[in-house]
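Student: Pasting a structure below so you can have a look.
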Amino acid sequence: MRKLRGLGALFLLLAALVIGGCFLFPNHPPVAFFTFTYSSEDPLVVTLDASESFDEDGDEIVAYMWTFRDGVTIITPLDFTRTVTVQAITLEFPVEATYTVTLMVRDSRGETSKEPFVQEIVVPEPKES
């Protein structure tokens, strides 16, 4: 009988640690960040690189959710939707202007960044050759 009580108490302790561990070590949301570079051949073409986005817990970033205004042509990846699993995308902007691009990221445990990373990209007028 004592053995059963001991096993029951051990089971309850383990269950409390597993459930309580979620509260002791919470999952932190990832942090979105990206840089951009202009194409040397065409300043209307810009590559956005989110490889510096990170997760404090070390969880893998599995989705990149981009927001930009209509009229932007996605060059890569070709099967692009506004949520992708690759860190970098290449865009062609329609005309010279200042464009606001926003990024949110999601980690492998389903947590999404709390704050979007927002950056303004000034696309210069193409130089005539």
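All residue names refer to the structure tokens as shown: chains lettered A, B, ... in order, residues numbered from 1 in each chain, ligands numbered from 1 in order.
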Excluding Asp70 of chain A and its own-chain neighbours fewer than 2 positions away, which residues fall within 10 Å of it when counting only C-alpha atoms? Please give them as a PyMOL selection string.
Tutor: chain A and resi 67-68+72-73+93-94
Student: Need to verify the contact set: Ile61 of chain A, 8 Å, only C-alpha atoms, exclusion of same-chain residues closer than 2 positions in sequence. Can you return it as a list in words?
Tutor: Pro30, Ser53, Phe54, Asp55, Asp59, Ala63, Tyr64, Val105, Arg106, Asp107 and Ser108 of chain A
Student: Export all heavy atoms of the chosen residues as a PDB file, in the first residue's frame?
Tutor:
```
ATOM      1  N   PRO A  30       9.340  35.043 -30.908  1.00  0.00           N
ATOM      2  CA  PRO A  30      10.510  35.412 -31.711  1.00  0.00           C
ATOM      3  C   PRO A  30      10.530  36.911 -31.984  1.00  0.00           C
ATOM      4  O   PRO A  30       9.533  37.615 -31.780  1.00  0.00           O
ATOM      5  CB  PRO A  30      10.305  34.622 -33.006  1.00  0.00           C
ATOM      6  CG  PRO A  30       8.835  34.436 -33.098  1.00  0.00           C
ATOM      7  CD  PRO A  30       8.342  34.332 -31.686  1.00  0.00           C
ATOM      8  N   SER A  53      16.446  37.620 -37.887  1.00  0.00           N
ATOM      9  CA  SER A  53      15.338  37.398 -36.949  1.00  0.00           C
ATOM     10  C   SER A  53      15.771  36.271 -36.020  1.00  0.00           C
ATOM     11  O   SER A  53      16.515  35.376 -36.416  1.00  0.00           O
ATOM     12  CB  SER A  53      14.070  36.981 -37.706  1.00  0.00           C
ATOM     13  OG  SER A  53      13.623  38.026 -38.528  1.00  0.00           O
ATOM     14  N   PHE A  54      15.311  36.299 -34.777  1.00  0.00           N
ATOM     15  CA  PHE A  54      15.777  35.283 -33.832  1.00  0.00           C
ATOM     16  C   PHE A  54      14.703  34.962 -32.805  1.00  0.00           C
ATOM     17  O   PHE A  54      13.703  35.667 -32.671  1.00  0.00           O
ATOM     18  CB  PHE A  54      17.051  35.767 -33.115  1.00  0.00           C
ATOM     19  CG  PHE A  54      16.825  36.951 -32.216  1.00  0.00           C
ATOM     20  CD1 PHE A  54      16.562  36.770 -30.872  1.00  0.00           C
ATOM     21  CD2 PHE A  54      16.863  38.244 -32.718  1.00  0.00           C
ATOM     22  CE1 PHE A  54      16.349  37.873 -30.032  1.00  0.00           C
ATOM     23  CE2 PHE A  54      16.651  39.342 -31.897  1.00  0.00           C
ATOM     24  CZ  PHE A  54      16.388  39.154 -30.550  1.00  0.00           C
ATOM     25  N   ASP A  55      14.942  33.871 -32.087  1.00  0.00           N
ATOM     26  CA  ASP A  55      14.073  33.464 -30.994  1.00  0.00           C
ATOM     27  C   ASP A  55      14.939  33.287 -29.753  1.00  0.00           C
ATOM     28  O   ASP A  55      15.935  32.552 -29.797  1.00  0.00           O
ATOM     29  CB  ASP A  55      13.355  32.160 -31.339  1.00  0.00           C
ATOM     30  CG  ASP A  55      12.336  31.792 -30.294  1.00  0.00           C
ATOM     31  OD1 ASP A  55      12.732  31.290 -29.217  1.00  0.00           O
ATOM     32  OD2 ASP A  55      11.152  32.033 -30.523  1.00  0.00           O
ATOM     33  N   ASP A  59      14.295  28.529 -30.511  1.00  0.00           N
ATOM     34  CA  ASP A  59      13.381  27.839 -31.415  1.00  0.00           C
ATOM     35  C   ASP A  59      13.640  28.303 -32.844  1.00  0.00           C
ATOM     36  O   ASP A  59      14.007  29.448 -33.085  1.00  0.00           O
ATOM     37  CB  ASP A  59      11.920  28.139 -31.057  1.00  0.00           C
ATOM     38  CG  ASP A  59      11.553  27.661 -29.659  1.00  0.00           C
ATOM     39  OD1 ASP A  59      12.109  26.638 -29.222  1.00  0.00           O
ATOM     40  OD2 ASP A  59      10.719  28.324 -29.012  1.00  0.00           O
ATOM     41  N   ALA A  63       8.304  30.630 -40.203  1.00  0.00           N
ATOM     42  CA  ALA A  63       7.473  31.391 -41.144  1.00  0.00           C
ATOM     43  C   ALA A  63       7.820  32.868 -41.056  1.00  0.00           C
ATOM     44  O   ALA A  63       8.074  33.400 -39.978  1.00  0.00           O
ATOM     45  CB  ALA A  63       5.998  31.189 -40.846  1.00  0.00           C
ATOM     46  N   TYR A  64       7.823  33.507 -42.228  1.00  0.00           N
ATOM     47  CA  TYR A  64       8.105  34.937 -42.358  1.00  0.00           C
ATOM     48  C   TYR A  64       6.889  35.556 -43.041  1.00  0.00           C
ATOM     49  O   TYR A  64       6.551  35.164 -44.162  1.00  0.00           O
ATOM     50  CB  TYR A  64       9.365  35.155 -43.205  1.00  0.00           C
ATOM     51  CG  TYR A  64      10.578  34.469 -42.613  1.00  0.00           C
ATOM     52  CD1 TYR A  64      10.831  33.124 -42.869  1.00  0.00           C
ATOM     53  CD2 TYR A  64      11.447  35.158 -41.785  1.00  0.00           C
ATOM     54  CE1 TYR A  64      11.931  32.489 -42.311  1.00  0.00           C
ATOM     55  CE2 TYR A  64      12.550  34.525 -41.224  1.00  0.00           C
ATOM     56  CZ  TYR A  64      12.789  33.192 -41.493  1.00  0.00           C
ATOM     57  OH  TYR A  64      13.875  32.569 -40.939  1.00  0.00           O
ATOM     58  N   VAL A 105       7.289  37.199 -37.653  1.00  0.00           N
ATOM     59  CA  VAL A 105       7.822  35.847 -37.786  1.00  0.00           C
ATOM     60  C   VAL A 105       7.132  34.915 -36.789  1.00  0.00           C
ATOM     61  O   VAL A 105       6.600  35.358 -35.772  1.00  0.00           O
ATOM     62  CB  VAL A 105       9.357  35.808 -37.581  1.00  0.00           C
ATOM     63  CG1 VAL A 105      10.067  36.540 -38.705  1.00  0.00           C
ATOM     64  CG2 VAL A 105       9.769  36.378 -36.242  1.00  0.00           C
ATOM     65  N   ARG A 106       7.153  33.606 -37.127  1.00  0.00           N
ATOM     66  CA  ARG A 106       6.565  32.587 -36.241  1.00  0.00           C
ATOM     67  C   ARG A 106       7.616  31.510 -35.996  1.00  0.00           C
ATOM     68  O   ARG A 106       8.336  31.106 -36.915  1.00  0.00           O
ATOM     69  CB  ARG A 106       5.317  31.981 -36.882  1.00  0.00           C
ATOM     70  CG  ARG A 106       4.587  31.022 -35.968  1.00  0.00           C
ATOM     71  CD  ARG A 106       3.234  30.541 -36.492  1.00  0.00           C
ATOM     72  NE  ARG A 106       3.288  30.057 -37.849  1.00  0.00           N
ATOM     73  CZ  ARG A 106       2.680  30.641 -38.901  1.00  0.00           C
ATOM     74  NH1 ARG A 106       1.977  31.739 -38.740  1.00  0.00           N
ATOM     75  NH2 ARG A 106       2.771  30.126 -40.102  1.00  0.00           N
ATOM     76  N   ASP A 107       7.696  31.040 -34.737  1.00  0.00           N
ATOM     77  CA  ASP A 107       8.684  30.011 -34.406  1.00  0.00           C
ATOM     78  C   ASP A 107       8.071  28.615 -34.478  1.00  0.00           C
ATOM     79  O   ASP A 107       6.873  28.455 -34.720  1.00  0.00           O
ATOM     80  CB  ASP A 107       9.342  30.285 -33.047  1.00  0.00           C
ATOM     81  CG  ASP A 107       8.422  30.112 -31.841  1.00  0.00           C
ATOM     82  OD1 ASP A 107       7.369  29.448 -31.953  1.00  0.00           O
ATOM     83  OD2 ASP A 107       8.762  30.643 -30.770  1.00  0.00           O
ATOM     84  N   SER A 108       8.910  27.611 -34.272  1.00  0.00           N
ATOM     85  CA  SER A 108       8.497  26.216 -34.403  1.00  0.00           C
ATOM     86  C   SER A 108       7.498  25.778 -33.333  1.00  0.00           C
ATOM     87  O   SER A 108       6.866  24.734 -33.472  1.00  0.00           O
ATOM     88  CB  SER A 108       9.721  25.303 -34.375  1.00  0.00           C
ATOM     89  OG  SER A 108      10.442  25.479 -33.165  1.00  0.00           O
TER      90      SER A 108
END
```
Student: Between A:Pro77, A:Val101, A:Gly58, A:Ser51, which residue has the minimum interatomic distance to Asn27 of chain A, considering only C-alpha atoms?
Tutor: A:Gly58
Student: Go through A:Leu91, A:Val118, A:Val84, A:Ile74 and flag the residue nearest Leu103 of chain A, using only C-alpha atoms for the distances.
Tutor: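 Closest to Leu103 of chain A, using only C-alpha atoms: A:Val118.
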Student: Name the residues in contact with Ala88 of chain A at a cut-off of 10 Å, using only C-alpha atoms, excluding same-chain residues fewer than 5 positions from it; report them as a list in words.
Tutor: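 Using only C-alpha atoms, the neighbours found are Phe34, Thr35, Phe36, Thr47, Leu48, Asp49, Ala50, Ser51, Tyr64, Thr76 and Pro77 of chain A.
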Student: Here is a test: counting only C-alpha atoms, which residue of A:Asp42, A:Glu111, A:Asp57, A:Glu92 is nearest to Glu125 of chain A?
Tutor: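 Looking only at the distances to Glu125 of chain A, the closest residue turns out to be A:Asp42.
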Student: For atom CA of Pro26 of chain A and atom CA of Arg109 of chain A, determine how far apart the two atoms are, in Å to one decimal place.
Tutor: 11.3 Å
Student: So what do you get for atom CA of Tyr99 of chain A versus atom CA of Glu120 of chain A, distance-wise?
Tutor: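 So the two atoms, atom CA of Tyr99 of chain A and atom CA of Glu120 of chain A, lie 5.5 Å apart.
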Student: Excluding Val123 of chain A and any residue of its chain fewer than 4 positions from it, enumerate the residues within 9 Å of it, using only C-alpha atoms, and give them as a ChimeraX atom specification.
Tutor: /A:38,43-46,93,95-99
Student: Produce a file of the selected residues containing N, CA and C atoms, as a PDB file, in the first residue's frame.
Tutor:
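The result, stored in result17.pdb:
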```
ATOM      1  N   TYR A  38      19.850  46.781 -52.411  1.00  0.00           N
ATOM      2  CA  TYR A  38      19.409  47.117 -53.762  1.00  0.00           C
ATOM      3  C   TYR A  38      20.194  46.277 -54.763  1.00  0.00           C
ATOM      4  N   PRO A  43      17.826  49.531 -59.402  1.00  0.00           N
ATOM      5  CA  PRO A  43      17.490  49.969 -58.045  1.00  0.00           C
ATOM      6  C   PRO A  43      16.033  49.722 -57.653  1.00  0.00           C
ATOM      7  N   LEU A  44      15.176  49.394 -58.613  1.00  0.00           N
ATOM      8  CA  LEU A  44      13.791  49.061 -58.275  1.00  0.00           C
ATOM      9  C   LEU A  44      13.682  47.635 -57.719  1.00  0.00           C
ATOM     10  N   VAL A  45      14.756  46.855 -57.863  1.00  0.00           N
ATOM     11  CA  VAL A  45      14.792  45.482 -57.357  1.00  0.00           C
ATOM     12  C   VAL A  45      15.527  45.471 -56.025  1.00  0.00           C
ATOM     13  N   VAL A  46      14.857  44.935 -55.007  1.00  0.00           N
ATOM     14  CA  VAL A  46      15.393  44.937 -53.643  1.00  0.00           C
ATOM     15  C   VAL A  46      15.255  43.541 -53.060  1.00  0.00           C
ATOM     16  N   PHE A  93       9.881  46.888 -57.139  1.00  0.00           N
ATOM     17  CA  PHE A  93       8.924  47.945 -56.865  1.00  0.00           C
ATOM     18  C   PHE A  93       8.543  48.623 -58.177  1.00  0.00           C
ATOM     19  N   VAL A  95       7.707  51.831 -59.051  1.00  0.00           N
ATOM     20  CA  VAL A  95       8.258  53.151 -59.355  1.00  0.00           C
ATOM     21  C   VAL A  95       9.103  53.616 -58.179  1.00  0.00           C
ATOM     22  N   GLU A  96       9.884  54.662 -58.412  1.00  0.00           N
ATOM     23  CA  GLU A  96      10.642  55.246 -57.309  1.00  0.00           C
ATOM     24  C   GLU A  96       9.659  55.810 -56.290  1.00  0.00           C
ATOM     25  N   ALA A  97       9.905  55.560 -55.036  1.00  0.00           N
ATOM     26  CA  ALA A  97       9.039  56.041 -53.952  1.00  0.00           C
ATOM     27  C   ALA A  97       9.601  55.510 -52.641  1.00  0.00           C
ATOM     28  N   THR A  98       8.926  55.870 -51.560  1.00  0.00           N
ATOM     29  CA  THR A  98       9.253  55.309 -50.255  1.00  0.00           C
ATOM     30  C   THR A  98       8.178  54.278 -49.926  1.00  0.00           C
ATOM     31  N   TYR A  99       8.603  53.063 -49.643  1.00  0.00           N
ATOM     32  CA  TYR A  99       7.693  51.951 -49.378  1.00  0.00           C
ATOM     33  C   TYR A  99       7.880  51.478 -47.940  1.00  0.00           C
TER      34      TYR A  99
END
```
Student: Quick check, in Å to one decimal: how far apart do atom CA of Phe33 of chain A and atom CA of Arg69 of chain A lie?
Tutor: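 Value for the atom CA of Phe33 of chain A-atom CA of Arg69 of chain A distance: 18.7 Å.
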Student: Using the chain letters and numbers from this document, which residues of segment 33-121 of chain A does DSSP assign to strand (DSSP E or B), as a PyMOL selection string?
Tutor: chain A and resi 35-38+45-49+54-55+61-67+73-76+83-84+88-92+97-107+112+117-121
